[in-house]
Amino acid sequence: MLSLLSERIQGIFKKLRSKGRLTPEDVDGALKDIRVALLEADVNFRVVKDLVNRIRERAVGQEILESLTPAQQVVKIVHEELTRLMGGGERGINWAPQPPTVVMMVGLQGSGKTTTAAKLAALWKKQGKRPLLVAADVYRPAAVKQLQVLGEQIGVPVFSWESQDPVEICRRSLEQNLPFPPNPVIIDTAGRLHIDVPLMEELKAIKEEIQPQEILLVVDAMTGQDAVEVAQRFHADLGLTGVVLTKMDGDARGGAALSVLAVTGCPIKFMGTGEKIGNIEIFHPDRLASRILGMGDVLTLIEKAQEHVELEKAKEWHKKIQQRDFTLEDFLEQLKQMKKMGPLEELLHLLPGLGPIKELKGVEVDPKEVVRMEAIIQSMTPEERRNPAIINSSRKKRIAAGSGTRIQDVNRLLRQFEETKKLLQVLTEGKGKKKKMKELPFPWI
Amino acid sequence: MNFFQRLKEGLRKTREEFSRHLEALVGFKREIDEEFTEGLEEALILADVGLPTTQYLMEQLGQQIRARGVRTPAEALAYLKEEVASLLGREVSPLNWAPSPPTVILMVGVNGSGKTTSLGKLAFLLAREGKKVVVAAADTFRAAAIDQLEVWAQRSGAAFIRHQPGADPAAVAFDALQAAKSRGWDVVLVDTAGRLQTKVNLMEELKKIKRVLAKEQEGAPHEVLLVLDATTGQNALSQARLFKEAVEVTGIVLTKLDGTAKGGVVVAIARELELPVKFIGLGEGIEDLQPFYPRDFAEALFTDIRPEGGEKQICSS
């Protein structure tokens, strides 16, 4: 998630951190690198220019040079500017004083409107609301069916109407007389090009008819320089209230987020982080800025952790690691918990300072691997799990046979366990970051 | 309407800033100066060509200028167009046909790039050329993807092979290939589910589809086409690299060129990965899939259209 971008920027700041004091040349050099990193991340050319100039204005000069910790001040300035660019504080949905709140999803073809509409419906249903999805894409073949299938999956009703007129469909969706009136009403419109005049007129007509509280532009995180153009047009025609950034689970550097915000001033409200219906998050600009700068996204991690890991268990692990009493059973339990939380690499990027650590890629786990590891550990005796040192070659042979794996797999697992144990000890003992880490409900932090 | 007209038609009403810039630079400048070269650099970056390839092109240009091969802004522009076209392979890159039918074409790409739509259009294009086409609905994951594809298959008159949603995509592809072989059909088009190139499991699934096809017929799939959204920025390089690693992509279909995005990242892909663009998508109509002409594309990368009608060639070289 924006990992390549943050890797780069972290690299740049590592360079800065290693020096005691900054010269103007240092600042210039760093800004040049930042420019390259941002452009490679697809941040719009003009936005980059603007941002770099603004930072230079603030950075070159007394503020930096007379400070005791100049490098930290550059970090602070860039962080502030990124946060500012990405829209300041977080922003939720404008709920209508009189329900229903109407939310209209718009965007280019293939940006992820239909999936996002369903994800939002699921999210709001979980919060105790009674959402309704409206299938207003009358152009793409089977678009209505796609929404119906998704609606069925998440248990949210989908309104559709035999009509080729999206305006009529939207109007009728609000005219229904239901015993339990839906709220919010989420309108899934057809994908369209921002320069397609008749289709943009159609969106205006829908807006006129249903007066939505929210018009959310769905933007693919992989979008290049054109993101600015697209967002500008949609904004000019419709008056957007926010942006949803999708496909953030890939390796897209996501510069589009910076661009869109800089150019339209529309806040990014949500981001899609996976193919599953639950993979949607509220967008936190300050957190994302922190992540880009390598400060880690501790807040997101804590939230994720609290959702999936029982606190008691986590505390227990923590103690065990400190007492060097961490067994294969705990290891297995941890692997399972982590699998629930999402890809490990993604989690690692959330940790302060861990983003760019290449060595950590060795402990990466893929879900299939977890299943195999589980089988291996379960084929061990309790004694072996507690004290893996006793596992000799004849025991290994038995374990491999019992779990349907090879001896090499057993060896690899034992090696990984040892590595993880070592790593965990280092991490929990901490290097000056002790205080912060102890607050976290995770032994491996 | 030929390709270039369509492309220009598609690019109409756009790029005001881009045009203002280059227009000012080429139209009124007699000499190549820093402002001019910076303008070219900006134009390339705004077209998503990417920094490394932009820098490469500008260095090439710089050498020409120093060697006095290029003297005026107009010559500089002409030189760059030629360079871009040559990176893109100059001539049309035709489909790779099997020595004996059926020819198997696998469509891959990230979510929302336009695989299903492009496949529908390709089916139509091939059917119009008199080929017997069968379409395999191997996107069994996305809700209603099968139904969407079926509509396209009907429109082009292609045969259609489907399984249940959630079925093994490799099995669908296998069935379609078998049907084509036993009935003597010419082309098998396999639609696959969109997947981000970083999802290891999903890429493994793709490899399996390819393996199964290769086992059933030698040399299959004869084409693996990566469908790329022209709106995509530098992530397209990662897409091309990882899909190529996984399933040996043979060419690119560049979609959604009827918007304002120029799809310049294919220049970087051509330079770094030597993957040719084979088709471009210019709209939602069934006929909106066209062969890719590198020279026209290079031309369009630097040519602009005024906002109110009236096309204007910035540099007539």
# chains A, B, ... in the order shown; residues from 1 in each chain; ligands from 1
>>> select_by_dssp(residues="stretch 96-207 of chain B", states="alpha helix (DSSP H)", output="MDAnalysis selection string")
chainID B and resid 115:128 145:156 169:183 200:207
>>> closest_atom_pairs(of="chain B", to="chain A", cutoff="9 Å", atoms="only C-alpha atoms", output="CSV")
residue,atom,partner,partner_atom,distance
B:Arg12,CA,A:Ile195,CA,8.9
B:Lys13,CA,A:Ile195,CA,7.5
B:Thr14,CA,A:Ile195,CA,8.0
B:Arg15,CA,A:Glu229,CA,8.6
B:Glu42,CA,A:Phe45,CA,7.4
B:Ile45,CA,A:Phe45,CA,7.2
B:Leu46,CA,A:Gln225,CA,5.6
B:Ala47,CA,A:Gln225,CA,7.0
B:Asp48,CA,A:Gln225,CA,6.1
B:Gly50,CA,A:Glu40,CA,6.7
B:Leu51,CA,A:Glu40,CA,6.5
B:Pro52,CA,A:Glu40,CA,8.8
B:Asn111,CA,A:Gly110,CA,7.2
B:Gly112,CA,A:Gly110,CA,3.7
B:Ser113,CA,A:Gly110,CA,6.1
B:Gly114,CA,A:Gly110,CA,6.9
B:Arg142,CA,A:Gln146,CA,7.9
B:Ala143,CA,A:Gln146,CA,4.8
B:Ala144,CA,A:Gln146,CA,4.6
B:Ala145,CA,A:Ala142,CA,7.4
B:Ile146,CA,A:Ala142,CA,8.6
B:Asp147,CA,A:Ala142,CA,5.8
B:Gln148,CA,A:Ala142,CA,4.8
B:Leu149,CA,A:Pro141,CA,7.9
B:Glu150,CA,A:Pro141,CA,8.9
B:Val151,CA,A:Pro141,CA,6.5
B:Trp152,CA,A:Pro141,CA,8.1
B:Leu196,CA,A:Gly250,CA,5.9
B:Gln197,CA,A:Gly250,CA,7.2
B:Thr198,CA,A:Gly250,CA,5.9
B:Lys199,CA,A:Gly250,CA,7.7
B:Val200,CA,A:Asp366,CA,8.2
B:Asn201,CA,A:Asp366,CA,8.5
B:Asp229,CA,A:Gly110,CA,8.7
B:Ala230,CA,A:Gly224,CA,8.8
B:Thr231,CA,A:Thr223,CA,5.6
B:Thr232,CA,A:Thr223,CA,4.4
B:Gly233,CA,A:Gly224,CA,3.4
B:Gln234,CA,A:Asp42,CA,6.4
B:Asn235,CA,A:Ala252,CA,5.4
B:Ala236,CA,A:Met222,CA,7.9
B:Ser238,CA,A:Asp251,CA,7.9
B:Lys256,CA,A:Gln109,CA,8.5
B:Asp258,CA,A:Leu193,CA,8.2
B:Gly259,CA,A:Leu193,CA,6.0
B:Thr260,CA,A:Asp226,CA,6.9
B:Ala261,CA,A:Asp226,CA,5.5
B:Lys262,CA,A:Asp226,CA,8.3
B:Gly263,CA,A:Gly224,CA,8.9
B:Glu284,CA,A:Arg140,CA,8.9
>>> select_by_dssp(residues="stretch 72-284 of chain A", states="strand (DSSP E or B)", output="PyMOL selection string")
chain A and resi 102-107+130+132-136+158-159+183+185-189+214-220+223+242-246+268-272+280-282
>>> write_last_selection(atoms="N, CA and C atoms", output="tab-separated table (two decimals), in the first residue's frame")
chain	number	residue	atom	x	y	z
A	102	VAL	N	-28.93	10.27	0.68
A	102	VAL	CA	-28.72	9.68	-0.64
A	102	VAL	C	-27.26	9.86	-1.05
A	103	VAL	N	-26.63	8.74	-1.41
A	103	VAL	CA	-25.22	8.74	-1.79
A	103	VAL	C	-25.12	8.28	-3.24
A	104	MET	N	-24.48	9.09	-4.06
A	104	MET	CA	-24.40	8.79	-5.49
A	104	MET	C	-22.94	8.45	-5.82
A	105	MET	N	-22.74	7.29	-6.47
A	105	MET	CA	-21.38	6.88	-6.84
A	105	MET	C	-21.15	7.18	-8.31
A	106	VAL	N	-20.09	7.91	-8.61
A	106	VAL	CA	-19.79	8.22	-10.02
A	106	VAL	C	-18.32	7.92	-10.31
A	107	GLY	N	-18.00	7.79	-11.60
A	107	GLY	CA	-16.60	7.57	-11.96
A	107	GLY	C	-16.42	7.01	-13.35
A	130	ARG	N	-29.88	0.73	7.52
A	130	ARG	CA	-30.70	-0.10	6.65
A	130	ARG	C	-30.54	0.38	5.21
A	132	LEU	N	-30.04	0.79	1.11
A	132	LEU	CA	-30.65	0.29	-0.12
A	132	LEU	C	-29.70	0.59	-1.27
A	133	LEU	N	-29.47	-0.41	-2.12
A	133	LEU	CA	-28.64	-0.19	-3.31
A	133	LEU	C	-29.55	0.02	-4.51
A	134	VAL	N	-29.20	0.99	-5.35
A	134	VAL	CA	-30.00	1.27	-6.54
A	134	VAL	C	-29.15	1.04	-7.79
A	135	ALA	N	-29.64	0.15	-8.65
A	135	ALA	CA	-28.89	-0.22	-9.86
A	135	ALA	C	-29.26	0.72	-10.99
A	136	ALA	N	-28.46	1.76	-11.17
A	136	ALA	CA	-28.76	2.77	-12.20
A	136	ALA	C	-27.80	2.70	-13.38
A	158	VAL	N	-31.66	-4.62	-3.29
A	158	VAL	CA	-31.22	-3.87	-4.47
A	158	VAL	C	-32.45	-3.45	-5.25
A	159	PHE	N	-32.56	-2.15	-5.52
A	159	PHE	CA	-33.68	-1.67	-6.31
A	159	PHE	C	-33.30	-1.63	-7.78
A	183	ASN	N	-32.21	3.67	4.63
A	183	ASN	CA	-31.28	4.77	4.85
A	183	ASN	C	-29.91	4.19	5.16
A	185	VAL	N	-29.54	5.54	0.93
A	185	VAL	CA	-29.80	5.01	-0.40
A	185	VAL	C	-28.54	5.24	-1.24
A	186	ILE	N	-27.98	4.15	-1.76
A	186	ILE	CA	-26.71	4.25	-2.49
A	186	ILE	C	-26.97	4.00	-3.98
A	187	ILE	N	-26.68	5.00	-4.78
A	187	ILE	CA	-26.97	4.92	-6.22
A	187	ILE	C	-25.71	4.52	-6.97
A	188	ASP	N	-25.78	3.39	-7.67
A	188	ASP	CA	-24.64	2.94	-8.48
A	188	ASP	C	-24.89	3.38	-9.92
A	189	THR	N	-24.14	4.38	-10.39
A	189	THR	CA	-24.35	4.85	-11.76
A	189	THR	C	-23.37	4.16	-12.71
A	214	GLU	N	-24.43	13.15	-0.78
A	214	GLU	CA	-23.05	12.84	-1.12
A	214	GLU	C	-22.94	12.44	-2.58
A	215	ILE	N	-21.97	13.01	-3.28
A	215	ILE	CA	-21.60	12.52	-4.61
A	215	ILE	C	-20.14	12.12	-4.53
A	216	LEU	N	-19.91	10.81	-4.55
A	216	LEU	CA	-18.55	10.30	-4.35
A	216	LEU	C	-17.95	9.87	-5.68
A	217	LEU	N	-16.79	10.43	-5.98
A	217	LEU	CA	-16.06	10.03	-7.18
A	217	LEU	C	-15.17	8.84	-6.83
A	218	VAL	N	-15.33	7.75	-7.58
A	218	VAL	CA	-14.52	6.56	-7.32
A	218	VAL	C	-13.28	6.62	-8.23
A	219	VAL	N	-12.10	6.64	-7.61
A	219	VAL	CA	-10.85	6.79	-8.36
A	219	VAL	C	-9.95	5.58	-8.11
A	220	ASP	N	-9.46	5.01	-9.19
A	220	ASP	CA	-8.53	3.89	-9.13
A	220	ASP	C	-7.16	4.40	-8.65
A	223	THR	N	-4.33	5.22	-11.12
A	223	THR	CA	-4.47	6.27	-12.13
A	223	THR	C	-3.21	7.12	-12.24
A	242	GLY	N	-16.83	14.14	-2.25
A	242	GLY	CA	-15.74	13.31	-1.74
A	242	GLY	C	-15.26	12.32	-2.78
A	243	VAL	N	-14.20	11.62	-2.40
A	243	VAL	CA	-13.54	10.68	-3.30
A	243	VAL	C	-13.37	9.35	-2.57
A	244	VAL	N	-13.52	8.25	-3.31
A	244	VAL	CA	-13.16	6.94	-2.78
A	244	VAL	C	-12.00	6.42	-3.62
A	245	LEU	N	-10.93	6.07	-2.97
A	245	LEU	CA	-9.74	5.57	-3.65
A	245	LEU	C	-9.77	4.04	-3.62
A	246	THR	N	-9.75	3.40	-4.79
A	246	THR	CA	-9.89	1.95	-4.82
A	246	THR	C	-8.59	1.26	-5.22
A	268	ILE	N	-10.72	12.72	0.41
A	268	ILE	CA	-10.87	11.29	0.17
A	268	ILE	C	-11.53	10.72	1.42
A	269	LYS	N	-12.66	10.08	1.24
A	269	LYS	CA	-13.42	9.64	2.42
A	269	LYS	C	-13.20	8.17	2.76
A	270	PHE	N	-13.03	7.36	1.72
A	270	PHE	CA	-12.84	5.92	1.97
A	270	PHE	C	-11.76	5.40	1.03
A	271	MET	N	-11.21	4.24	1.41
A	271	MET	CA	-10.38	3.56	0.43
A	271	MET	C	-10.64	2.06	0.43
A	272	GLY	N	-10.61	1.49	-0.78
A	272	GLY	CA	-10.84	0.06	-0.96
A	272	GLY	C	-9.50	-0.65	-0.89
A	280	ILE	N	-12.83	-2.27	3.10
A	280	ILE	CA	-12.97	-0.83	2.88
A	280	ILE	C	-12.65	-0.12	4.19
A	281	GLU	N	-11.94	0.99	4.09
A	281	GLU	CA	-11.53	1.70	5.29
A	281	GLU	C	-11.82	3.17	5.15
A	282	ILE	N	-12.02	3.81	6.29
A	282	ILE	CA	-12.11	5.27	6.29
A	282	ILE	C	-10.71	5.81	6.01
>>> residues_around(residues="A:Pro388", least_positions_apart="4", cutoff="9 Å", atoms="only C-alpha atoms", output="list of chain:residue names")
A:Thr327, A:Leu328, A:Glu383, A:Glu384, A:Leu414
>>> atom_distance(atom1="atom CA of B:Glu204", atom2="atom CA of B:Val49")
29.9 Å
>>> residues_around(residues="B:Asp191", least_positions_apart="6", cutoff="9 Å", atoms="only C-alpha atoms", output="list in words")
Ile105, Leu106, Met107, Val108, Lys115, Thr116, Leu119, Val135, Ala136, Ala137, Ala138, Asp139, Leu149 and Ala173 of chain B
>>> write_last_selection(atoms="all heavy atoms", output="short mmCIF file (atom, residue, chain, number, x, y, z; two decimals), in the first residue's frame")
data_model
loop_
_atom_site.label_atom_id
_atom_site.label_comp_id
_atom_site.auth_asym_id
_atom_site.auth_seq_id
_atom_site.Cartn_x
_atom_site.Cartn_y
_atom_site.Cartn_z
N ILE B 105 -6.26 -17.51 -27.42
CA ILE B 105 -5.88 -16.18 -26.92
C ILE B 105 -6.39 -16.01 -25.50
O ILE B 105 -7.58 -16.16 -25.23
CB ILE B 105 -6.47 -15.07 -27.82
CG1 ILE B 105 -5.98 -15.26 -29.27
CG2 ILE B 105 -6.07 -13.69 -27.30
CD1 ILE B 105 -6.56 -14.26 -30.25
N LEU B 106 -5.45 -15.72 -24.60
CA LEU B 106 -5.79 -15.56 -23.18
C LEU B 106 -5.75 -14.08 -22.84
O LEU B 106 -4.78 -13.39 -23.14
CB LEU B 106 -4.76 -16.33 -22.36
CG LEU B 106 -4.92 -16.46 -20.85
CD1 LEU B 106 -6.17 -17.25 -20.52
CD2 LEU B 106 -3.70 -17.15 -20.25
N MET B 107 -6.83 -13.56 -22.23
CA MET B 107 -6.87 -12.16 -21.85
C MET B 107 -6.64 -12.04 -20.34
O MET B 107 -7.35 -12.66 -19.56
CB MET B 107 -8.24 -11.55 -22.16
CG MET B 107 -8.70 -11.76 -23.58
SD MET B 107 -7.85 -10.72 -24.78
CE MET B 107 -8.80 -9.24 -24.64
N VAL B 108 -5.66 -11.24 -19.96
CA VAL B 108 -5.36 -11.07 -18.53
C VAL B 108 -5.27 -9.60 -18.20
O VAL B 108 -5.14 -8.75 -19.08
CB VAL B 108 -4.04 -11.78 -18.14
CG1 VAL B 108 -4.09 -13.26 -18.47
CG2 VAL B 108 -2.84 -11.13 -18.84
N LYS B 115 -11.06 -6.10 -19.64
CA LYS B 115 -10.82 -7.39 -20.28
C LYS B 115 -12.06 -7.91 -21.01
O LYS B 115 -11.99 -8.28 -22.17
CB LYS B 115 -10.43 -8.45 -19.25
CG LYS B 115 -9.00 -8.40 -18.78
CD LYS B 115 -8.76 -9.36 -17.65
CE LYS B 115 -9.64 -9.06 -16.45
NZ LYS B 115 -9.56 -7.70 -15.93
N THR B 116 -13.17 -7.95 -20.29
CA THR B 116 -14.37 -8.56 -20.86
C THR B 116 -14.84 -7.78 -22.09
O THR B 116 -15.15 -8.37 -23.13
CB THR B 116 -15.47 -8.62 -19.79
OG1 THR B 116 -14.96 -9.31 -18.65
CG2 THR B 116 -16.69 -9.35 -20.30
N LEU B 119 -12.43 -8.30 -24.96
CA LEU B 119 -12.58 -9.63 -25.51
C LEU B 119 -13.82 -9.69 -26.40
O LEU B 119 -13.79 -10.29 -27.49
CB LEU B 119 -12.69 -10.66 -24.38
CG LEU B 119 -12.69 -12.13 -24.82
CD1 LEU B 119 -11.94 -12.97 -23.82
CD2 LEU B 119 -14.10 -12.66 -24.99
N VAL B 135 -15.87 -18.35 -27.12
CA VAL B 135 -15.50 -17.52 -25.98
C VAL B 135 -15.64 -18.35 -24.70
O VAL B 135 -16.66 -18.98 -24.49
CB VAL B 135 -16.41 -16.27 -25.91
CG1 VAL B 135 -16.23 -15.54 -24.60
CG2 VAL B 135 -16.15 -15.36 -27.10
N ALA B 136 -14.58 -18.34 -23.88
CA ALA B 136 -14.61 -19.11 -22.63
C ALA B 136 -14.75 -18.15 -21.45
O ALA B 136 -13.92 -17.27 -21.26
CB ALA B 136 -13.33 -19.92 -22.49
N ALA B 137 -15.80 -18.33 -20.66
CA ALA B 137 -16.06 -17.44 -19.53
C ALA B 137 -15.28 -17.93 -18.32
O ALA B 137 -15.84 -18.50 -17.39
CB ALA B 137 -17.54 -17.38 -19.22
N ALA B 138 -13.98 -17.67 -18.30
CA ALA B 138 -13.15 -18.17 -17.21
C ALA B 138 -13.01 -17.14 -16.08
O ALA B 138 -12.23 -17.34 -15.17
CB ALA B 138 -11.78 -18.60 -17.72
N ASP B 139 -13.77 -16.03 -16.15
CA ASP B 139 -13.89 -15.18 -14.96
C ASP B 139 -15.09 -15.71 -14.20
O ASP B 139 -16.22 -15.33 -14.43
CB ASP B 139 -14.09 -13.72 -15.33
CG ASP B 139 -14.27 -12.84 -14.08
OD1 ASP B 139 -14.31 -13.40 -12.96
OD2 ASP B 139 -14.36 -11.62 -14.22
N LEU B 149 -20.25 -11.34 -20.26
CA LEU B 149 -19.53 -11.88 -21.41
C LEU B 149 -20.48 -12.53 -22.40
O LEU B 149 -20.30 -12.45 -23.61
CB LEU B 149 -18.47 -12.88 -20.94
CG LEU B 149 -17.50 -13.36 -22.01
CD1 LEU B 149 -16.68 -12.21 -22.54
CD2 LEU B 149 -16.59 -14.45 -21.49
N ALA B 173 -11.62 -23.02 -19.48
CA ALA B 173 -10.73 -22.81 -20.62
C ALA B 173 -10.49 -24.13 -21.35
O ALA B 173 -10.53 -24.19 -22.59
CB ALA B 173 -9.40 -22.22 -20.14
#
